[in-house]
file run.txt (compact mmCIF, C-alpha atoms and all ligand atoms)
# COMPACT_ATOMS: atom_id res chain seq x y z
CA MET A 1 -16.00 -10.30 -2.48
CA GLU A 2 -18.22 -8.49 -0.01
CA GLU A 3 -19.83 -11.61 1.43
CA GLU A 4 -16.46 -13.21 2.08
CA ARG A 5 -15.33 -10.31 4.17
CA ASN A 6 -14.85 -11.47 7.68
CA PRO A 7 -16.67 -9.51 10.38
CA GLY A 8 -13.55 -8.72 12.37
CA PHE A 9 -12.04 -7.07 9.35
CA PHE A 10 -12.92 -3.46 10.14
CA GLU A 11 -12.06 -3.91 13.82
CA ARG A 12 -8.63 -5.17 12.83
CA LEU A 13 -8.07 -2.14 10.63
CA LYS A 14 -9.20 0.15 13.41
CA MET A 15 -6.89 -1.57 15.86
CA GLY A 16 -4.01 -1.33 13.40
CA LEU A 17 -4.57 2.38 12.93
CA LYS A 18 -4.81 3.07 16.66
CA LYS A 19 -1.50 4.92 16.88
CA SER A 20 -2.48 7.19 14.02
CA ARG A 21 -5.93 7.73 15.49
CA ASP A 22 -4.42 8.75 18.82
CA GLY A 23 -1.73 10.81 17.11
CA PHE A 24 -2.43 12.29 13.70
CA ALA A 25 -6.23 12.11 13.77
CA SER A 26 -6.68 13.48 17.26
CA ASP A 27 -4.19 16.25 16.61
CA ILE A 28 -6.41 17.30 13.70
CA ASP A 29 -9.45 17.09 15.91
CA ALA A 30 -7.76 19.24 18.55
CA VAL A 31 -7.13 22.00 16.01
CA PHE A 32 -10.86 22.28 15.31
CA LEU A 33 -11.83 22.01 18.96
CA GLY A 34 -9.36 24.75 19.83
CA HIS A 35 -10.93 27.38 17.61
CA GLU A 36 -14.26 29.12 17.62
CA LYS A 37 -13.86 30.72 14.24
CA ILE A 38 -12.32 29.83 10.93
CA ASN A 39 -9.30 32.12 10.73
CA ASP A 40 -5.66 32.23 9.63
CA ASP A 41 -4.57 30.91 12.97
CA LEU A 42 -6.66 27.79 12.49
CA TYR A 43 -5.33 27.24 8.97
CA GLU A 44 -1.76 27.63 10.21
CA GLU A 45 -2.22 25.11 12.97
CA LEU A 46 -3.92 22.69 10.62
CA GLU A 47 -1.10 23.05 8.14
CA GLU A 48 1.43 22.24 10.83
CA VAL A 49 -0.47 19.18 12.03
CA LEU A 50 -0.84 17.84 8.50
CA ILE A 51 2.84 18.26 7.73
CA MET A 52 3.83 16.70 11.06
CA GLY A 53 1.51 13.80 10.24
CA ASP A 54 3.42 12.88 7.06
CA VAL A 55 0.94 14.39 4.64
CA GLY A 56 3.91 16.23 3.17
CA VAL A 57 4.35 19.86 2.19
CA ASN A 58 2.94 19.63 -1.34
CA THR A 59 -0.23 17.79 -0.46
CA THR A 60 -0.75 19.90 2.65
CA GLU A 61 -0.53 23.11 0.62
CA GLY A 62 -2.99 21.66 -1.86
CA ILE A 63 -5.40 20.74 0.91
CA ILE A 64 -5.25 24.15 2.61
CA GLU A 65 -5.74 25.94 -0.68
CA SER A 66 -8.72 23.85 -1.67
CA LEU A 67 -10.21 24.20 1.81
CA LYS A 68 -10.08 27.98 1.61
CA LYS A 69 -11.92 27.80 -1.67
CA SER A 70 -14.54 25.38 -0.34
CA VAL A 71 -15.11 27.52 2.72
CA LYS A 72 -15.98 30.46 0.45
CA GLU A 73 -18.17 28.39 -1.84
CA ASN A 74 -20.03 26.78 1.03
CA ARG A 75 -20.08 29.95 3.15
CA ALA A 76 -18.75 27.86 6.02
CA LYS A 77 -18.47 29.77 9.27
CA ILE A 78 -17.63 27.37 12.07
CA PRO A 79 -14.66 25.01 12.49
CA GLY A 80 -16.98 21.97 12.53
CA GLU A 81 -18.02 22.70 8.96
CA LEU A 82 -14.40 23.09 7.95
CA LYS A 83 -13.59 19.76 9.54
CA ASN A 84 -16.18 18.07 7.36
CA LEU A 85 -14.78 19.81 4.29
CA LEU A 86 -11.32 18.57 5.26
CA TYR A 87 -12.50 14.96 5.56
CA GLU A 88 -14.20 15.24 2.21
CA ASP A 89 -11.06 16.64 0.63
CA ILE A 90 -8.90 13.89 2.11
CA ARG A 91 -11.30 11.20 0.99
CA ASN A 92 -11.16 12.56 -2.56
CA ARG A 93 -7.38 12.40 -2.50
CA LEU A 94 -7.36 8.70 -1.64
CA THR A 95 -7.08 7.46 -5.19
CA SER A 96 -9.29 4.55 -5.94
CA THR A 97 -10.49 3.53 -9.34
CA GLU A 98 -13.43 1.40 -10.38
CA ASP A 99 -11.13 -1.05 -12.11
CA MET A 100 -8.39 -1.33 -9.51
CA TYR A 101 -9.23 -4.96 -8.69
CA ASP A 102 -10.24 -6.03 -12.19
CA TYR A 103 -7.12 -8.17 -12.54
CA GLU A 104 -8.62 -10.47 -9.90
CA ASN A 105 -11.10 -11.77 -12.45
CA LYS A 106 -8.44 -12.57 -15.02
CA LYS A 107 -5.19 -14.48 -15.23
CA SER A 108 -2.69 -12.13 -13.71
CA VAL A 109 0.94 -11.67 -12.74
CA ILE A 110 1.68 -9.38 -9.82
CA MET A 111 5.26 -8.20 -9.47
CA VAL A 112 6.05 -6.86 -6.02
CA VAL A 113 8.89 -4.35 -5.81
CA GLY A 114 10.35 -2.09 -3.16
CA VAL A 115 13.52 -1.47 -1.16
CA ASN A 116 14.85 -3.89 1.48
CA GLY A 117 12.86 -4.41 4.63
CA VAL A 118 9.63 -2.69 3.61
CA GLY A 119 7.64 -5.92 3.79
CA LYS A 120 7.64 -7.36 0.26
CA THR A 121 8.07 -11.03 1.12
CA THR A 122 5.58 -10.79 3.96
CA THR A 123 3.10 -9.05 1.66
CA VAL A 124 3.48 -11.68 -1.05
CA GLY A 125 2.74 -14.36 1.54
CA LYS A 126 -0.28 -12.54 2.94
CA ILE A 127 -1.77 -11.79 -0.47
CA ALA A 128 -1.27 -15.40 -1.50
CA GLY A 129 -3.21 -16.35 1.62
CA ILE A 130 -6.05 -13.98 0.76
CA TYR A 131 -6.39 -15.29 -2.78
CA HIS A 132 -6.06 -18.89 -1.72
CA ASN A 133 -8.91 -18.39 0.75
CA GLU A 134 -10.96 -16.87 -2.03
CA HIS A 135 -10.44 -20.08 -4.02
CA LYS A 136 -8.15 -18.59 -6.62
CA LYS A 137 -5.40 -20.80 -7.91
CA THR A 138 -2.34 -19.01 -6.55
CA LEU A 139 1.38 -19.44 -7.13
CA VAL A 140 4.26 -17.47 -5.62
CA ALA A 141 7.83 -17.24 -6.90
CA ALA A 142 11.02 -16.32 -5.07
CA CYS A 143 12.68 -13.91 -7.50
CA ASP A 144 14.73 -12.31 -4.74
CA THR A 145 17.84 -14.36 -5.37
CA PHE A 146 20.07 -11.79 -3.72
CA ARG A 147 19.88 -13.25 -0.24
CA ALA A 148 19.68 -16.96 0.58
CA ALA A 149 17.29 -16.23 3.43
CA ALA A 150 14.75 -14.65 1.09
CA ASN A 151 13.81 -17.97 -0.49
CA ALA A 152 13.47 -19.71 2.87
CA GLN A 153 11.32 -16.88 4.18
CA LEU A 154 8.95 -17.07 1.21
CA GLU A 155 8.79 -20.87 1.53
CA GLU A 156 7.66 -20.39 5.09
CA TRP A 157 4.92 -18.00 3.99
CA ALA A 158 3.85 -20.25 1.13
CA LYS A 159 3.40 -23.07 3.63
CA ARG A 160 1.36 -20.83 5.89
CA ALA A 161 -0.78 -19.64 2.96
CA ASP A 162 -1.05 -23.21 1.67
CA VAL A 163 0.06 -22.26 -1.84
CA PRO A 164 2.77 -23.73 -4.06
CA ILE A 165 6.05 -21.89 -4.63
CA ILE A 166 8.67 -21.67 -7.34
CA SER A 167 11.82 -21.63 -5.25
CA SER A 168 15.23 -20.35 -6.21
CA LYS A 169 18.85 -20.57 -5.20
CA GLU A 170 20.93 -17.63 -4.11
CA GLY A 171 22.65 -16.01 -7.07
CA THR A 172 20.30 -17.38 -9.75
CA ASP A 173 19.30 -14.94 -12.47
CA PRO A 174 15.90 -13.61 -11.29
CA ALA A 175 14.70 -13.54 -14.91
CA SER A 176 15.17 -17.30 -15.11
CA VAL A 177 13.05 -17.74 -11.98
CA VAL A 178 10.40 -15.58 -13.65
CA PHE A 179 10.65 -17.78 -16.72
CA ASP A 180 10.05 -20.94 -14.67
CA ALA A 181 7.26 -19.28 -12.73
CA VAL A 182 5.23 -18.01 -15.70
CA ASN A 183 5.54 -21.31 -17.47
CA ALA A 184 4.42 -23.17 -14.36
CA ALA A 185 1.52 -20.71 -14.04
CA LYS A 186 0.42 -21.39 -17.61
CA ALA A 187 0.83 -25.16 -17.35
CA ARG A 188 -1.08 -25.35 -14.06
CA ASN A 189 -3.80 -22.90 -15.08
CA VAL A 190 -2.93 -20.57 -12.21
CA ASP A 191 -5.17 -17.54 -11.64
CA VAL A 192 -2.69 -15.32 -9.91
CA LEU A 193 1.09 -15.51 -9.93
CA ILE A 194 2.86 -13.32 -7.38
CA LEU A 195 6.54 -12.51 -7.81
CA ASP A 196 8.68 -11.52 -4.85
CA THR A 197 11.71 -9.49 -5.93
CA ALA A 198 14.87 -8.06 -4.43
CA GLY A 199 14.93 -4.35 -3.79
CA ARG A 200 18.21 -2.67 -4.38
CA LEU A 201 17.52 0.93 -5.10
CA HIS A 202 21.08 2.03 -4.34
CA ASN A 203 21.98 0.91 -7.82
CA LYS A 204 19.25 2.33 -9.96
CA LYS A 205 20.72 1.27 -13.27
CA ASN A 206 21.07 -2.34 -12.16
CA LEU A 207 17.61 -2.40 -10.73
CA MET A 208 16.16 -0.93 -13.87
CA GLU A 209 17.93 -3.51 -16.01
CA GLU A 210 16.81 -6.35 -13.77
CA LEU A 211 13.17 -5.23 -13.77
CA ARG A 212 13.23 -4.69 -17.51
CA LYS A 213 14.61 -8.17 -18.04
CA MET A 214 11.96 -9.76 -15.84
CA ASN A 215 9.22 -7.77 -17.54
CA ARG A 216 10.47 -8.85 -20.95
CA VAL A 217 10.27 -12.50 -19.95
CA ILE A 218 6.65 -12.10 -18.84
CA ASP A 219 5.74 -10.14 -21.99
CA ARG A 220 7.22 -12.84 -24.16
CA GLU A 221 6.16 -15.96 -22.26
CA TYR A 222 2.79 -14.89 -20.97
CA PRO A 223 1.40 -12.07 -23.14
CA ASP A 224 -2.22 -12.81 -22.17
CA ALA A 225 -1.71 -12.23 -18.49
CA VAL A 226 -2.91 -9.01 -16.89
CA ARG A 227 0.12 -7.28 -15.46
CA GLU A 228 0.29 -5.62 -12.09
CA THR A 229 3.38 -4.00 -10.57
CA TRP A 230 3.11 -2.87 -6.98
CA VAL A 231 5.58 -0.97 -4.87
CA VAL A 232 5.59 -1.82 -1.19
CA LEU A 233 6.09 1.19 1.08
CA ASP A 234 6.86 1.12 4.79
CA ALA A 235 4.55 3.69 6.38
CA THR A 236 6.96 4.29 9.25
CA THR A 237 9.51 5.81 6.87
CA GLY A 238 7.28 8.78 6.11
CA GLN A 239 8.32 11.02 3.25
CA ASN A 240 11.10 8.58 2.32
CA ALA A 241 8.40 6.19 1.25
CA LEU A 242 7.04 8.78 -1.14
CA ASN A 243 10.47 9.25 -2.69
CA GLN A 244 10.94 5.50 -3.09
CA ALA A 245 7.63 5.23 -4.89
CA LYS A 246 8.64 8.03 -7.24
CA GLU A 247 11.95 6.35 -8.01
CA PHE A 248 10.36 2.99 -8.72
CA ASN A 249 7.74 4.66 -10.85
CA GLU A 250 10.53 6.03 -13.00
CA VAL A 251 11.94 2.59 -13.75
CA THR A 252 8.72 0.60 -14.04
CA ASP A 253 5.03 1.29 -14.60
CA LEU A 254 3.52 0.98 -11.16
CA THR A 255 -0.13 0.01 -11.02
CA GLY A 256 -0.50 -0.13 -7.27
CA ILE A 257 0.86 0.64 -3.84
CA VAL A 258 0.95 -1.58 -0.79
CA LEU A 259 1.31 0.42 2.39
CA THR A 260 2.75 -1.72 5.19
CA LYS A 261 3.37 -1.17 8.90
CA MET A 262 0.56 1.32 9.30
CA ASP A 263 0.27 -0.13 12.80
CA GLY A 264 3.74 1.18 13.57
CA THR A 265 3.18 4.85 12.84
CA ALA A 266 1.28 7.60 14.61
CA LYS A 267 1.34 9.63 11.39
CA GLY A 268 -1.32 8.10 9.17
CA GLY A 269 -0.93 10.96 6.71
CA ILE A 270 1.49 9.04 4.49
CA ALA A 271 -1.48 7.23 2.95
CA ILE A 272 -2.89 10.58 1.89
CA ALA A 273 0.44 11.82 0.55
CA VAL A 274 1.20 8.81 -1.65
CA SER A 275 -2.31 8.66 -3.01
CA SER A 276 -2.54 12.36 -3.69
CA GLU A 277 0.88 12.84 -5.24
CA LEU A 278 1.32 9.67 -7.25
CA HIS A 279 -2.21 9.05 -8.49
CA ILE A 280 -1.57 5.35 -8.07
CA PRO A 281 -4.15 3.52 -5.98
CA VAL A 282 -3.22 1.96 -2.66
CA LYS A 283 -4.42 -1.61 -3.22
CA PHE A 284 -3.54 -3.22 0.08
CA ILE A 285 -2.79 -1.93 3.55
CA GLY A 286 -0.74 -3.75 6.18
CA VAL A 287 -1.55 -3.30 9.85
CA GLY A 288 0.49 -6.02 11.52
CA GLU A 289 2.80 -8.98 11.06
CA GLY A 290 0.21 -11.75 11.01
CA MET A 291 -1.42 -13.46 8.08
CA GLU A 292 -4.68 -11.60 8.66
CA ASP A 293 -3.05 -8.21 8.93
CA LEU A 294 -3.25 -7.26 5.27
CA GLN A 295 -6.45 -5.99 3.68
CA ARG A 296 -7.69 -4.57 0.45
CA PHE A 297 -7.71 -0.82 0.76
CA SER A 298 -11.04 0.93 0.98
CA SER A 299 -11.00 4.70 1.32
CA ASP A 300 -14.27 4.65 3.26
CA ASP A 301 -13.04 2.06 5.73
CA PHE A 302 -9.75 3.90 6.06
CA MET A 303 -11.46 7.22 6.80
CA ASN A 304 -13.85 5.63 9.28
CA ALA A 305 -11.10 3.70 11.04
CA LEU A 306 -8.69 6.61 11.25
CA PHE A 307 -10.65 9.71 12.01
CA VAL A 308 -12.25 10.60 15.27
CA THR A 309 -15.92 11.13 14.63
CA ASP A 310 -18.41 12.76 16.96
CA ASN A 311 -19.81 9.33 17.87
CA ASP A 312 -16.48 8.35 19.40
CA ASN A 313 -16.34 11.09 21.98
N1 LIG A 401 4.22 -4.27 12.24
C1 LIG A 401 4.23 -4.66 10.97
N2 LIG A 401 5.32 -5.30 10.50
C2 LIG A 401 5.32 -5.67 9.20
C3 LIG A 401 4.24 -5.40 8.33
N3 LIG A 401 4.56 -5.88 7.09
C4 LIG A 401 5.79 -6.42 7.21
N4 LIG A 401 6.27 -6.31 8.47
C5 LIG A 401 7.56 -6.76 9.01
O1 LIG A 401 8.61 -6.12 8.32
C6 LIG A 401 9.78 -6.93 8.32
C7 LIG A 401 10.39 -7.00 6.92
O2 LIG A 401 9.51 -7.70 6.08
P1 LIG A 401 9.97 -8.47 4.76
O3 LIG A 401 8.75 -9.03 4.15
O4 LIG A 401 11.07 -9.42 5.06
O5 LIG A 401 10.53 -7.26 3.90
P2 LIG A 401 11.26 -7.30 2.45
O6 LIG A 401 12.73 -7.15 2.72
O7 LIG A 401 10.73 -6.10 1.72
O8 LIG A 401 10.91 -8.57 1.80
C8 LIG A 401 9.35 -8.28 8.86
O9 LIG A 401 9.76 -8.39 10.19
C9 LIG A 401 7.81 -8.22 8.77
O10 LIG A 401 7.19 -9.03 9.74
C10 LIG A 401 3.09 -4.69 8.85
O11 LIG A 401 2.11 -4.37 8.17
N5 LIG A 401 3.16 -4.35 10.18
MG MG A 402 12.09 -10.05 0.98
call {"tool": "encode", "arguments": {"input": "run.txt", "output": "structure tokens", "more": "lines below"}}
Ligand SMILES: Nc1nc2c(ncn2[C@@H]2O[C@H](COP(=O)(O)OP(=O)(O)O)[C@@H](O)[C@H]2O)c(=O)[nH]1
Ligand SMILES: [Mg+2]
result
Amino acid sequence: MEEERNPGFFERLKMGLKKSRDGFASDIDAVFLGHEKINDDLYEELEEVLIMGDVGVNTTEGIIESLKKSVKENRAKIPGELKNLLYEDIRNRLTSTEDMYDYENKKSVIMVVGVNGVGKTTTVGKIAGIYHNEHKKTLVAACDTFRAAANAQLEEWAKRADVPIISSKEGTDPASVVFDAVNAAKARNVDVLILDTAGRLHNKKNLMEELRKMNRVIDREYPDAVRETWVVLDATTGQNALNQAKEFNEVTDLTGIVLTKMDGTAKGGIAIAVSSELHIPVKFIGVGEGMEDLQRFSSDDFMNALFVTDNDN
């Protein structure tokens, strides 16, 4: 994986996170620069900046509390030390697990869920492109049969990614598209099958039924496949994104998060909030509309791309 990483990769991430660097990250930096001592005033300002930056009240409180403890343990005296403790704390909250990409070495089915407009179809297309470039046999399926345009949009992406697609007609039962897709995947010895779905959270019961039905078809038709279910979250919607993830997690077992439109927010803290509160790893991060603007998530790269370090000044 590492050797296939293109050299512009980190630069692209950094560019995509520019708004958050100039906003959220430099606001944090300013708090530390504005104080000579670690005191209540500093903690209060930091708390405010974290909450304003979409880290959310719960996670922010957790961070402040753990910082106060670390400061005691480490006998930290100056704001610079506290800043390093903060970065360390944030890094630890970015959930990543050793096995989070294990499915890539097996036959897998990735179901992509999320509410309308968050970037599901785009994400399916981009991920298909990534896997195709990595020489994995990839298939996508248009299980969003709610809107006629959804199928056409995915066809466009499939063409761009140079992967085959199982198309569908508006109004078809999504479970029957799943049925066709998993059987095609088995017959063609596909490595990764990616399912685009319709997001209609306003009717939770319907959605739950629909997801359950699709899951049942995969369980029955393709029991050997490794199953992944990812919720796509639009970073520009802030705390709403967190609530959406929670709701989807109630109706299906999420194994991953895709955070899109990070390029469109100045509040990069949402990545910290979702990771810290849901304990589900962010697997991919979207920083633009193009094919190349989706990457596997690395907490180290994310930290380095987002936060202002002394070398930057
Ligand atoms: N700026 C930006 N736009 C994105 C990103 N991901 C998706 N989009 C845009 O979001 C819009 C909705 O995407 P779509 O895939 O149709 O969402 P869906 O309704 O969830 O399938 C499209 O205009 C995409 O180009 C991203 O990472 N950055
Ligand atoms: Mg769509």
call {"tool": "axis_aligned_box", "arguments": {"input": "run.txt", "around": "segment 151-161 of chain A", "padding_each_side": "4 Å", "output": "AutoDock Vina command-line options"}}
result
--center_x 6.5 --center_y -20.0 --center_z 2.7 --size_x 22.6 --size_y 14.2 --size_z 14.4
call {"tool": "atom_distance", "arguments": {"input": "run.txt", "atom1": "atom CA of Val178 of chain A", "atom2": "atom CA of Gln295 of chain A"}}
result
26.0 Å
call {"tool": "closest_residue", "arguments": {"input": "run.txt", "among": "A:Val71, A:Met111, A:Ala149, A:Ile280", "to": "ligand LIG 401 (chain A)", "atoms": "all atoms listed in the file"}}
result
A:Ala149
call {"tool": "residues_near_ligand", "arguments": {"input": "run.txt", "ligand": "ligand MG 402 (chain A)", "cutoff": "8 Å", "atoms": "all atoms listed in the file", "output": "JSON, numbers by chain"}}
result
{"A": [116, 117, 119, 120, 121, 122, 144, 150, 153, 154, 196, 197, 198, 199]}
call {"tool": "residues_near_ligand", "arguments": {"input": "run.txt", "ligand": "ligand LIG 401 (chain A)", "cutoff": "7 Å", "atoms": "all atoms listed in the file", "output": "PyMOL selection string"}}
result
chain A and resi 114-123+260-264+286-289+293-294
